[in-house]
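Q: Submitted below is the structure of interest, expressed as structure tokens.
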Amino acid sequence: MGNCYDTSNNCLINKAHDENIDLVWDRYEKMKPQCGFGEMGICCRICLKGPCRIDPYGDGPKEGICGADADTIVARNLVRMIASGTASHSLHGKEIAKTLLHVAKGETDNYKVKDIRKLKNIAEKLNIDTEGKTINQITEEVAMASLMDYSRLENTPCNWLSNTLTKSRLKKLTDLGVALNNIESSVTDIMSRTHMGTDADAINILLAGLKCALGDYVGMQISTNLSDTLFGTPEPIISESNLGVINENAVNIAVHGHNPLLSEIIVDVADEMEEEAIKAGAKDGINIVGVCCTGNEVLLRRGIPLATNFLSQELAILTGALEAMVVDVQCIMPSLAKIASCYHTELFTTMPDAKISGATHIELNEKNSVENARVIIKKAIEKYKMRDKNKVLIPKRKSKVIAGFSTESIIKLLSKIDKERPLKPIIDNIVNGNIKGVVLFAGCNNVKIMQDNNFVTMAKKLLDNNILILATGCAAGAYAKNELMNSEATFKYAGEKLKEVLTLLGKEAGLDVPLPPVLHMGSCVDNSRGVDLAVALANELGVDLDQLPLVASAPELMSEKAISIGTWVATIGLPVHIGMLPPVGGSQLTIDVLTSKLKELLGGYFIVEENPIKAANKLIGIIKEKRVDLGIEP
Ligand code: XCC
Ligand code: SF4
């Protein structure tokens with residue numbers, strides 16, 4: 001059986017069963033019971049003498065064949081997860097930085113700098129002198145300063161680390177020896193030190209994990225900022241979300257994955273090819289919909305409707321009305337190929353490092369992206385003619401979404417109230433308690449948790465307590481689908497005081513309606529936007545990040561990327577709630593480091609709480625404490 005908070009999906013889950021198609025929930029059931037050693041992180045496969053397993057309870061082995069104990073094994077496994085997350089996010093940023101460099105050198109016609117103001121702001125942030133330089137020169141220097149963060153030999157911190165945090169935070173990181181200088185060497189370092197017979201000191205291993213996780217942060221800053229330069233900085237935009245956005249009368253194409261380099265082109269080319277689709281009988285032309293973070297990217301910049309987040313990605317195909325799904329990298333279930341083969345849907349892979357057997361591979365690179373996007377869309381139009389009307393079932397539900405809350409757009413909005421000090425209205429409202437605090441929700445869905453339930457349950461409780469919510473990634477997807485990102489949600493769920501503030505801000509923004517109580521900041525890499533806002537607030541208040549009434553939460557975490565995000569968020573000083581224990585249960589030492597030790601050293605720490613109501617209450621308590629420490633009304 002499926003397990004979604006949103007019951008409008010159930011008809012598709014039942015359809016899958018009627019058609020003998022296994023979904024993620026079915027495969028999970030078949031996987032049970034899952035390996036207890038794996039769950040606790042005490043299985044080691046790092047060398048061929050193994051696998052070794054530590055007995056956590058009985059009188060079985062307490063050390064591996066080489067002598068590694070549970071702490072060493074758990075810490076090594078954990079930091080390898082961090083390294084994978086960092087590799088994924090930072091490579092995403094590197095692809096975009098390389099594209100920007102090629103734009104600067106005139107080596108590609110398919111991309112250009114769309115947001116010159118953002119480019120100049122970045123140059124200023126990175127201390128690049130722009131006086132008398134052409135746009136191409138500035139673009140090249142910004143791209144090179146970013147690429148330098150992947151390759152620096154000197155032991156000075158990354159450009160995107162030292163110029164984006166508070167001064168006191170940078171000092172704390174430097175003092176602890178984790179102020180990262182080079183993203184890629186930090187990943188290499190993790191792989192090397194966790195090789196059999198190298199680092200066996202769990203604390204030393206975990207410290208390297210903190211440093212590597214900061215590479216995830218730097219990669220996100222690069223991804224977000226350089227994407228804004230190429231494709232524009234998001235502004236508030238109205239759209240829709242949930243599977244109901246799939247249009248029976250259109251050629252439906254889903255874009256799924258993470259990298260906007262591909263989806264932006266697909267959206268552009270689809271506009272040109274509308275007529276062809278109409279000629280093929282689709283009276284509404286071409287309808288692009290988004291899945292996961294690629295979906296968030298094009299929702300924020302282009303208003304493309306978001307069909308679903310991670311866990312229900314398979315259901316988009318089950319509607320029987322999807323002609324093509326175009327994927328790039330990360331969070332793409334390999335099962336999609338098999339499910340697509342039960343329908344007329346064609347699955348396209350587009351990246352050389354992310355092929356799926358059973359899918360059609362059409363590579364989209366800088367040189368051919370427009371041309372090949374046309375090929376993909378042409379094939380999708382042909383597929384439309386093969387759609388079996390008897391197999392179409394599109395759930396009706398879709399909700400209105402106001403998205404596009406980049407830091408810039410928030411500050412622009414606030415400057416309508418106070419031109420000189422745009423952050424002042426927010427700070428005043430935090431100080432007087434109209435906004436008690438802020439929670440940033442991020443991270444995935446996990447099949448072990450009812451889809452979206454933790455997100456929605458926690459949000460309702462927090463909003464009622466006048467706590468503002470920011471969201472990214474699949475967290476944002478959960479709120480978009482479930483009607484928490486529109487003005488009606490403000491009336492329904494926001495506490496009285498928060499409602500007043502959001503109503504005033506909506507008016508100032510010229511929206512005529514209140515701002516939504518959950519602000520969509522973008523994809524997972526756009527967690528950097530949340531940091532930018534927090535750093536601006538901290539600087540304005542003259543405090544460090546760990547003093548702000550600001551907490552992060554990933555209540556349905558799943559991927560290795562979520563582990564690396566959570567780790568850097570704690571490292572820069574924020575409390576991080578997670579809705580399930582990652583595979584560290586076999587090492588009390590590791591748990592202590594991630595909770596209490598980290599808190600002593602850096603102010604940030606992990607809180608594990610599975611029950612969403614209890615979790616919300618804990619976050620409310622933490623925000624209260626932070627307010628008391630700041631000397632403002634609790
Ligand atoms: Fe993937 Fe970004 Fe997680 Fe969603 S939230 S399941 S990582 S798509 Ni990043
Ligand atoms: Fe076993 Fe040690 Fe090899 Fe791990 S590294 S598999 S604990 S012998």
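Simple scheme: letters A, B, ... for chains in structure tokens order, numbers from 1 for residues in each chain, numbers from 1 for ligands in the order shown.
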From a DSSP pass on the backbone, collect the residues of stretch 6-134 of chain A flagged as strand (DSSP E) and hand them back as a list in words.
A: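 Taking stretch 6-134 of chain A and keeping strand (DSSP E) gives Cys43, Cys44, Cys52 and Arg53 of chain A.
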Q: Can you pull out the residues contacting A:Ser168? Cut-off 9 Å, using only C-alpha atoms, and skip same-chain residues under 5 positions away; I want them as number ranges by chain.
A: A: 173, 543-544
Q: What are the closest atom pairs, with distances in Å to one decimal, for all residues of chain A lying within 8 Å of ligand 1? Consider only C-alpha atoms and all ligand atoms, order rows by chain and residue number, and present the result as a tab-separated table.
A:
residue	atom	partner	partner_atom_place_in_ligand_line	distance
A:Gly257	CA	ligand 1	8 (S)	6.7
A:His258	CA	ligand 1	2 (Fe)	6.4
A:Cys292	CA	ligand 1	8 (S)	4.4
A:Cys293	CA	ligand 1	2 (Fe)	4.5
A:Thr294	CA	ligand 1	2 (Fe)	7.8
A:Asn309	CA	ligand 1	4 (Fe)	6.4
A:Phe310	CA	ligand 1	6 (S)	4.9
A:Leu311	CA	ligand 1	6 (S)	7.6
A:Gln330	CA	ligand 1	1 (Fe)	6.5
A:Cys331	CA	ligand 1	1 (Fe)	4.6
A:Ala442	CA	ligand 1	5 (S)	6.6
A:Gly443	CA	ligand 1	5 (S)	4.0
A:Cys444	CA	ligand 1	3 (Fe)	3.4
A:Asn445	CA	ligand 1	6 (S)	5.8
A:Asn446	CA	ligand 1	6 (S)	8.0
A:Thr472	CA	ligand 1	9 (Ni)	7.6
A:Gly473	CA	ligand 1	5 (S)	4.4
A:Cys474	CA	ligand 1	5 (S)	4.1
A:Ala475	CA	ligand 1	5 (S)	6.6
A:Ser523	CA	ligand 1	2 (Fe)	6.2
A:Cys524	CA	ligand 1	9 (Ni)	4.3
A:Val525	CA	ligand 1	9 (Ni)	7.5
A:Leu557	CA	ligand 1	3 (Fe)	6.8
A:Met558	CA	ligand 1	3 (Fe)	6.2
A:Ser559	CA	ligand 1	7 (S)	5.3
A:Glu560	CA	ligand 1	7 (S)	7.6
A:Lys561	CA	ligand 1	7 (S)	5.7
A:Ala562	CA	ligand 1	7 (S)	6.1
Q: Can those selected residues be exported to a file as an mmCIF file, in the first residue's frame so that it contains C-alpha atoms?
A:
data_model
loop_
_atom_site.group_PDB
_atom_site.id
_atom_site.type_symbol
_atom_site.label_atom_id
_atom_site.label_comp_id
_atom_site.auth_asym_id
_atom_site.auth_seq_id
_atom_site.Cartn_x
_atom_site.Cartn_y
_atom_site.Cartn_z
ATOM 1 C CA GLY A 257 16.410 16.035 -11.353
ATOM 2 C CA HIS A 258 18.429 19.044 -10.321
ATOM 3 C CA CYS A 292 11.888 17.381 -7.454
ATOM 4 C CA CYS A 293 14.504 20.156 -7.527
ATOM 5 C CA THR A 294 14.660 20.765 -11.268
ATOM 6 C CA ASN A 309 8.229 15.895 -5.012
ATOM 7 C CA PHE A 310 10.459 12.861 -4.518
ATOM 8 C CA LEU A 311 8.339 10.014 -3.226
ATOM 9 C CA GLN A 330 20.150 12.894 -8.580
ATOM 10 C CA CYS A 331 17.012 11.538 -6.912
ATOM 11 C CA ALA A 442 14.614 21.340 3.770
ATOM 12 C CA GLY A 443 15.267 17.825 2.618
ATOM 13 C CA CYS A 444 13.554 14.910 1.097
ATOM 14 C CA ASN A 445 10.714 12.460 1.466
ATOM 15 C CA ASN A 446 11.532 9.055 2.925
ATOM 16 C CA THR A 472 13.436 24.451 -0.177
ATOM 17 C CA GLY A 473 13.721 21.186 -2.093
ATOM 18 C CA CYS A 474 11.181 18.458 -1.507
ATOM 19 C CA ALA A 475 10.078 20.236 1.677
ATOM 20 C CA SER A 523 15.679 23.893 -4.789
ATOM 21 C CA CYS A 524 18.008 22.188 -2.313
ATOM 22 C CA VAL A 525 21.038 24.149 -3.508
ATOM 23 C CA LEU A 557 15.405 13.137 5.192
ATOM 24 C CA MET A 558 16.552 10.439 2.807
ATOM 25 C CA SER A 559 19.603 11.220 0.664
ATOM 26 C CA GLU A 560 23.311 11.496 1.395
ATOM 27 C CA LYS A 561 22.948 15.122 0.317
ATOM 28 C CA ALA A 562 20.555 15.656 3.216
#
Q: Return as JSON, numbers by chain the residues of protein, DNA or RNA that approach ligand 2 to within 12 Å, with only C-alpha atoms and all ligand atoms taken into account.
A: {"A": [41, 42, 43, 44, 45, 46, 47, 48, 49, 50, 51, 52, 53, 54, 61, 62, 63, 64, 65, 66, 67, 68, 69, 70, 71, 72, 73, 74, 75, 76, 77, 193, 194, 195, 196, 197, 198, 199, 200]}
Q: Do a neighbour search on A:Ile183 at 6 Å with only C-alpha atoms, toss out local chain neighbours closer than 3 positions, and write the hits as a PyMOL selection string.
A: chain A and resi 150+186+215
Q: How about saving the chosen residues, N, CA and C atoms kept, as a CSV table (one decimal), in the first residue's frame?
A:
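For reference, result.csv as written:
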chain,number,residue,atom,x,y,z
A,150,TYR,N,37.3,25.0,-6.1
A,150,TYR,CA,37.4,23.5,-6.3
A,150,TYR,C,38.9,23.1,-6.4
A,186,SER,N,38.7,18.1,-0.3
A,186,SER,CA,38.0,17.6,1.0
A,186,SER,C,37.3,16.3,0.7
A,215,GLY,N,32.0,22.0,2.0
A,215,GLY,CA,32.1,22.0,0.6
A,215,GLY,C,30.8,21.9,-0.1
Q: List every residue of stretch 254-307 of chain A that has an atom at most 12 Å from any atom of stretch 314-322 of chain A, giving for each one its closest atom pair and the distance in Å to one decimal, counting only C-alpha atoms, sorted by chain and then by ascending residue number, as JSON lines.
A:
{"residue": "A:Ala254", "atom": "CA", "partner": "A:Leu322", "partner_atom": "CA", "distance": 7.3}
{"residue": "A:Val255", "atom": "CA", "partner": "A:Leu322", "partner_atom": "CA", "distance": 11.0}
{"residue": "A:His256", "atom": "CA", "partner": "A:Ala316", "partner_atom": "CA", "distance": 10.8}
{"residue": "A:Ala282", "atom": "CA", "partner": "A:Ala321", "partner_atom": "CA", "distance": 11.5}
{"residue": "A:Ile286", "atom": "CA", "partner": "A:Leu322", "partner_atom": "CA", "distance": 11.0}
{"residue": "A:Asn287", "atom": "CA", "partner": "A:Leu322", "partner_atom": "CA", "distance": 9.7}
{"residue": "A:Ile288", "atom": "CA", "partner": "A:Leu322", "partner_atom": "CA", "distance": 9.9}
{"residue": "A:Val289", "atom": "CA", "partner": "A:Leu322", "partner_atom": "CA", "distance": 9.7}
{"residue": "A:Gly290", "atom": "CA", "partner": "A:Ala316", "partner_atom": "CA", "distance": 10.0}
{"residue": "A:Val291", "atom": "CA", "partner": "A:Ala316", "partner_atom": "CA", "distance": 8.8}
{"residue": "A:Cys292", "atom": "CA", "partner": "A:Glu314", "partner_atom": "CA", "distance": 11.7}
{"residue": "A:Leu306", "atom": "CA", "partner": "A:Ala316", "partner_atom": "CA", "distance": 10.9}
{"residue": "A:Ala307", "atom": "CA", "partner": "A:Ala316", "partner_atom": "CA", "distance": 7.3}
Q: Determine, counting only C-alpha atoms, which protein, DNA and RNA residues have an atom within 9 Å of an atom of stretch 231-235 of chain A; residues of the same chain fewer than 4 positions away are not included. Present the result as a list in words.
A: Tyr111, Lys112, Val113, Lys114, Asp115, Ile116, Lys118, Asn225, Leu226, Ser227, Pro260, Leu261, Glu264, Leu300, Arg301, Arg302, Ala403, Gly404, Phe405, Ser406, Thr407, Glu408, Ser409, Ile410, Met521 and Gly522 of chain A
Q: Given the selection you just returned, output its residues as a file containing C-alpha atoms, formatted as a PDB file, in the first residue's frame.
A:
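In the end it all went to again_22.pdb:
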ATOM      1  CA  TYR A 111      23.489  30.515 -22.690  1.00  0.00           C
ATOM      2  CA  LYS A 112      24.041  34.142 -21.770  1.00  0.00           C
ATOM      3  CA  VAL A 113      24.210  36.317 -18.675  1.00  0.00           C
ATOM      4  CA  LYS A 114      20.602  37.215 -18.005  1.00  0.00           C
ATOM      5  CA  ASP A 115      20.983  39.047 -14.696  1.00  0.00           C
ATOM      6  CA  ILE A 116      23.780  41.594 -14.961  1.00  0.00           C
ATOM      7  CA  LYS A 118      23.302  39.909  -9.882  1.00  0.00           C
ATOM      8  CA  ASN A 225      24.295  32.419  -7.423  1.00  0.00           C
ATOM      9  CA  LEU A 226      25.689  31.478 -10.805  1.00  0.00           C
ATOM     10  CA  SER A 227      22.318  30.006 -11.872  1.00  0.00           C
ATOM     11  CA  PRO A 260      18.677  24.098 -14.454  1.00  0.00           C
ATOM     12  CA  LEU A 261      21.159  24.093 -17.365  1.00  0.00           C
ATOM     13  CA  GLU A 264      15.712  26.055 -18.783  1.00  0.00           C
ATOM     14  CA  LEU A 300      10.798  29.811  -9.248  1.00  0.00           C
ATOM     15  CA  ARG A 301      12.174  31.350 -12.401  1.00  0.00           C
ATOM     16  CA  ARG A 302       9.537  30.469 -14.993  1.00  0.00           C
ATOM     17  CA  ALA A 403       6.838  30.990  -5.091  1.00  0.00           C
ATOM     18  CA  GLY A 404      10.031  32.861  -5.940  1.00  0.00           C
ATOM     19  CA  PHE A 405      11.279  34.144  -2.601  1.00  0.00           C
ATOM     20  CA  SER A 406      14.961  34.715  -3.251  1.00  0.00           C
ATOM     21  CA  THR A 407      16.818  36.752  -0.635  1.00  0.00           C
ATOM     22  CA  GLU A 408      16.956  39.594  -3.144  1.00  0.00           C
ATOM     23  CA  SER A 409      13.203  39.538  -3.742  1.00  0.00           C
ATOM     24  CA  ILE A 410      12.505  39.479   0.010  1.00  0.00           C
ATOM     25  CA  MET A 521      13.093  29.753  -1.588  1.00  0.00           C
ATOM     26  CA  GLY A 522      13.930  27.205  -4.274  1.00  0.00           C
TER      27      GLY A 522
END
Q: Show which residues sit within 10 Å of stretch 621-634 of chain A, as a PDB file with C-alpha atoms, in the first residue's frame. Count only C-alpha atoms, and ignore same-chain residues fewer than 6 positions away.
A:
ATOM      1  CA  ILE A 430      10.975  39.604  15.495  1.00  0.00           C
ATOM      2  CA  VAL A 431      11.871  41.819  18.446  1.00  0.00           C
ATOM      3  CA  ASN A 432       8.261  42.695  19.262  1.00  0.00           C
ATOM      4  CA  GLY A 433       7.273  39.042  18.928  1.00  0.00           C
ATOM      5  CA  LYS A 436       8.600  34.605  17.097  1.00  0.00           C
ATOM      6  CA  GLY A 437      11.232  33.029  14.922  1.00  0.00           C
ATOM      7  CA  VAL A 438      11.952  31.286  11.653  1.00  0.00           C
ATOM      8  CA  VAL A 439      12.209  27.610  10.715  1.00  0.00           C
ATOM      9  CA  ILE A 467       6.801  31.208  13.507  1.00  0.00           C
ATOM     10  CA  LEU A 541      21.762  42.650  14.737  1.00  0.00           C
ATOM     11  CA  VAL A 543      25.270  38.713  16.466  1.00  0.00           C
ATOM     12  CA  ASP A 546      23.799  30.600  16.534  1.00  0.00           C
ATOM     13  CA  GLN A 547      22.145  33.471  18.396  1.00  0.00           C
ATOM     14  CA  LEU A 548      19.275  33.974  15.944  1.00  0.00           C
ATOM     15  CA  PRO A 549      15.825  32.508  16.703  1.00  0.00           C
ATOM     16  CA  LEU A 550      16.318  30.365  13.623  1.00  0.00           C
ATOM     17  CA  VAL A 551      16.179  26.581  13.354  1.00  0.00           C
ATOM     18  CA  PRO A 575      20.083  23.726  15.479  1.00  0.00           C
ATOM     19  CA  ALA A 615       9.425  17.993  17.102  1.00  0.00           C
TER      20      ALA A 615
END
Q: Please list as number ranges by chain every residue within 9 Å of stretch 124-132 of chain A, counting only C-alpha atoms and excluding residues in the same chain fewer than 4 positions away.
A: A: 119-120, 137-138, 141-142, 145, 159-160, 162-164
Q: Restricting the output to C-alpha atoms, write the selected residues as a compact mmCIF listing (two decimals), in the first residue's frame.
A:
# COMPACT_ATOMS: atom_id res chain seq x y z
CA LEU A 119 26.63 39.36 -11.64
CA LYS A 120 27.90 42.69 -10.36
CA GLN A 137 35.61 40.20 -18.17
CA ILE A 138 33.57 40.35 -14.96
CA GLU A 141 36.52 36.58 -13.15
CA VAL A 142 33.40 35.49 -11.25
CA ALA A 145 36.91 32.80 -8.56
CA ASN A 159 35.89 32.51 -1.70
CA TRP A 160 32.28 31.44 -1.28
CA SER A 162 34.83 33.56 3.58
CA ASN A 163 32.58 36.08 1.82
CA THR A 164 29.18 34.66 2.73
Q: Please identify all polymer residues within 9 Å of stretch 608-613 of chain A, counting only C-alpha atoms, omitting same-chain residues fewer than 3 positions from it, and present them as a VMD selection string.
A: chain A and resid 453 to 458 461 555 576 to 581 616 to 618
Q: My list of candidates is A:Ser487, A:Thr595, A:Ser192, A:Asn182. Which is closest to A:Thr503 when distances are computed with only C-alpha atoms?
A: A:Ser487
Q: Could you tell me which of A:Leu519, A:Leu470, A:Ile135, A:Met351 comes closest to A:Glu366 if we count only C-alpha atoms?
A: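 Distance minimum relative to A:Glu366 lands on A:Met351.
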Q: Here is a test: counting only C-alpha atoms, which residue of A:Ile205, A:Val370, A:Met325, A:Ile377 is nearest to A:Ala277?
A: A:Ile377
Q: To one decimal place, how far is atom CA of A:Leu165 from atom CA of A:Ala534 in Å?
A: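 Interatomic distance here is 9.2 Å.
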Q: In Å to one decimal, how far is atom CA of A:Gly585 from atom CA of A:Leu210?
A: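 Distance between the two atoms: 18.7 Å.
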Q: Could you please determine the separation between atom CA of A:Phe441 and atom CA of A:Ser553 in Å, to one decimal place?
A: 4.9 Å
Q: Quick one: pick out all alpha helix (DSSP H) residues within stretch 492-536 of chain A from a backbone DSSP run and write them as a list in words.
A: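 Matching residues, listed in order: Lys492, Tyr493, Glu496, Lys497, Leu498, Lys499, Glu500, Val501, Leu502, Thr503, Leu504, Leu505, Gly506, Lys507, Glu508, Asn527, Ser528, Arg529, Gly530, Val531, Asp532, Leu533, Ala534, Val535 and Ala536 of chain A.
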Q: Could you save those same residues with C-alpha atoms as a PDB file, in the first residue's frame?
A:
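Result file follows (out-v3.pdb):
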ATOM      1  CA  LYS A 492      -6.100  29.333   7.820  1.00  0.00           C
ATOM      2  CA  TYR A 493      -2.900  28.541   9.676  1.00  0.00           C
ATOM      3  CA  GLU A 496      -2.909  36.257  14.674  1.00  0.00           C
ATOM      4  CA  LYS A 497       0.288  38.298  14.824  1.00  0.00           C
ATOM      5  CA  LEU A 498       2.030  36.514  11.998  1.00  0.00           C
ATOM      6  CA  LYS A 499      -1.111  36.965   9.906  1.00  0.00           C
ATOM      7  CA  GLU A 500      -0.985  40.735  10.481  1.00  0.00           C
ATOM      8  CA  VAL A 501       2.653  40.918   9.371  1.00  0.00           C
ATOM      9  CA  LEU A 502       2.069  38.786   6.268  1.00  0.00           C
ATOM     10  CA  THR A 503      -0.980  40.841   5.347  1.00  0.00           C
ATOM     11  CA  LEU A 504       0.976  44.081   5.635  1.00  0.00           C
ATOM     12  CA  LEU A 505       3.878  42.662   3.613  1.00  0.00           C
ATOM     13  CA  GLY A 506       1.497  41.376   0.933  1.00  0.00           C
ATOM     14  CA  LYS A 507      -0.014  44.823   0.632  1.00  0.00           C
ATOM     15  CA  GLU A 508       3.414  46.478   0.379  1.00  0.00           C
ATOM     16  CA  ASN A 527      19.426  26.534   1.011  1.00  0.00           C
ATOM     17  CA  SER A 528      22.197  29.041   0.398  1.00  0.00           C
ATOM     18  CA  ARG A 529      19.452  31.677   0.053  1.00  0.00           C
ATOM     19  CA  GLY A 530      18.288  30.883   3.586  1.00  0.00           C
ATOM     20  CA  VAL A 531      21.853  31.364   4.810  1.00  0.00           C
ATOM     21  CA  ASP A 532      22.175  34.694   2.987  1.00  0.00           C
ATOM     22  CA  LEU A 533      19.039  35.948   4.695  1.00  0.00           C
ATOM     23  CA  ALA A 534      20.195  34.667   8.098  1.00  0.00           C
ATOM     24  CA  VAL A 535      23.648  36.213   7.689  1.00  0.00           C
ATOM     25  CA  ALA A 536      22.114  39.555   6.686  1.00  0.00           C
TER      26      ALA A 536
END
